[in-house]
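First up is the structure itself, then whatever we jot down about it.
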Amino acid sequence: MKLGRAALGLLLLAPLAVRAVEPISLGLALAGVLTGYISYPRLFCFFTECCSQKGSLSREALQKDLDSKLFGQHLAKKVILNAVSGFISNPKPKKPLTLSLHGWTGTGKNFVSKIIAENIYEGGLNSDYVHLFVATLHFPHISNITLYKDQLQSWIRGNVSACARSIFIFDEMDKMHAGLIDAIKPYLDYYDNLDGVSYQKAIFIFLSNAGAERITDVALDFWRSGKQREEIRLRDMEHALSVSAFNNKNSGFWHSSLIDRNLIDYFVPFLPLEYKHLKMCIRVEMQSRGYEIDEDIVSKVAEEMTFFPKEERVFSDKGCKTVFTKLDYYYDD
């Protein structure tokens with residue numbers, strides 16, 4: 001731990017600086033220093049990550065990240081910015097923040113989760129207070145669903161007890177066994193506390209492909225009507241998304257009490273990406289690798305992607321997910 005290393009350094013340097021000090025006196029002095037570290041949370045958190053270390057979230061920083069890293073998602077940007085910044089700034093929320101992100105692979109759902117985590121904790125997804133669950137990895141066998149429910153409740157209760165501002169991300173909700181997610185329903189409800197633990201400052205993010213067909217239909221209708229995708233409003237699809245997830249037998253939200261009891265605060269649609277959005281992703285990836293932007297390579301990589309519908313070729317069928325590996329081909333040493 002960083003605190004341990006700092007104390008060790010102090011122990012090593014102290015004899016050189018204070019040779020005349022008796023061992024017992026030196027030990028007492030160092031004990032006082034360590035006590036000071038632990039007694040003052042701000043000083044302690046300088047050396048190691050603490051729960052809700054930043055204390056508050058910068059709306060401007062979050063908006064900058066969303067604008068510079070997320071493309072073609074005007075609805076998601078607006079909802080995420082307002083929902084997350086508003087929730088973090090509220091000292092006494094009535095319930096945890098719950099976001100359900102829907103769309104095809106490669107449209108930015110996981111990326112947004114990463115951005116949210118990084119704007120709340122410096123460690124981002126690697127923070128001790130951010131917890132990622134992948135349905136096919138952590139809950140693979142339907143025969144163990146009762147065990148999974150008990151484990152899930154225990155994990156959430158334990159982590160929120162340790163840090164009220166915990167973040168829980170559930171990926172592949174469309175592959176989760178129906179009924180499992182209902183185990184966490186009490187923690188998402190309007191309770192001041194449950195058995196002495198308050199969950200009101202926690203954040204729950206659900207990622208799913210469920211409803212992607214409906215999102216595509218709306219986006220395609222706008223495109224065929226000659227309308228800009230930015231004209232699409234949340235009301236055009238939010239209700240349809242919740243109904244789609246609730247009635248999809250292959251979804252972890254099938255007949256879920258989380259939806260039935262209106263415990264999901266926002267159903268956020270991620271639109272399928274167009275050719276121009278892929279080029280934006282490629283340029284940002286080039287910059288992140290320290291390369292100069294080469295528009296010829298940008299175009300070549302984008303043109304290698306496949307699009308749908310087959311005749312119109314409007315939307316990328318894999319979003320930005322595979323452009324990074326395709327970019328490796330042009331910079332492979």
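To be explicit about the labels: the chains of the structure tokens are called A, B, and onward in the order shown, and within each one the residues are counted from 1, while ligands get numbers from 1 in the order they are shown.
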Go through segment 22-182 of chain A and collect every residue that DSSP, computed from the backbone, puts in strand (DSSP E or B); the answer should be as a PyMOL selection string. chain A and resi 97-102+130-134+167-171
With only C-alpha atoms as the counted atoms, please give the residues lying no more than 10 Å from segment 179-191 of chain A, apart from itself and same-chain residues fewer than 4 positions off, as JSON, numbers by chain. {"A": [93, 94, 95, 96, 97, 98, 139, 142, 145, 146, 147, 148, 149, 150, 151, 152, 153, 154, 156, 157, 160, 170, 173, 197, 198, 199, 200, 202, 203, 204, 251, 252, 253, 254, 255, 256, 257, 258, 259, 261, 262, 263, 264]}
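Nearest residue to Lys64 of chain A, choosing from A:Ala219, A:Val323, A:Ala245, A:Ile116 and counting only C-alpha atoms: A:Ile116.
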Which residues are close to segment 224-234 of chain A, i.e. within 8 Å by only C-alpha atoms, leaving aside same-chain residues fewer than 2 positions away? Reply as a ChimeraX atom specification. /A:74-75,219-222,236-238,268-269
If you run DSSP over the backbone, which residues in segment 85-320 of chain A end up helix (DSSP H, G or I)? Put them as number ranges by chain. A: 85-89, 109-120, 124-126, 135-138, 142-162, 173-175, 181-188, 212-224, 229-231, 234-236, 238-247, 257-260, 275-288, 295-303
Please provide the set of residues having any atom within 7 Å of segment 83-91 of chain A, restricted to only C-alpha atoms, with same-chain residues fewer than 4 positions apart removed, written as a PyMOL selection string. chain A and resi 56-57+59+79+97
Identify, on the basis of only C-alpha atoms, every residue whose closest approach to Ser127 of chain A does not exceed 9 Å; exclude the query and any residue fewer than 4 positions from it along the same chain; express the result as number ranges by chain. A: 49, 117-118, 121-123, 131
Pick out the residues sitting within 9 Å of Pro140 of chain A, and hand them over as JSON, numbers by chain; count only C-alpha atoms, and ignore anything fewer than 3 positions along from it in its own chain. {"A": [135, 136, 137, 144, 176, 177]}
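Using only C-alpha atoms, the nearest neighbour of Val130 of chain A within the list A:Phe168, A:Phe71, A:Tyr275, A:Tyr266 is A:Phe168.
With only C-alpha atoms as the atoms that count, the residue of A:Lys276, A:Cys51, A:Glu292, A:Lys92 with the shortest distance to Asp128 of chain A is A:Cys51.
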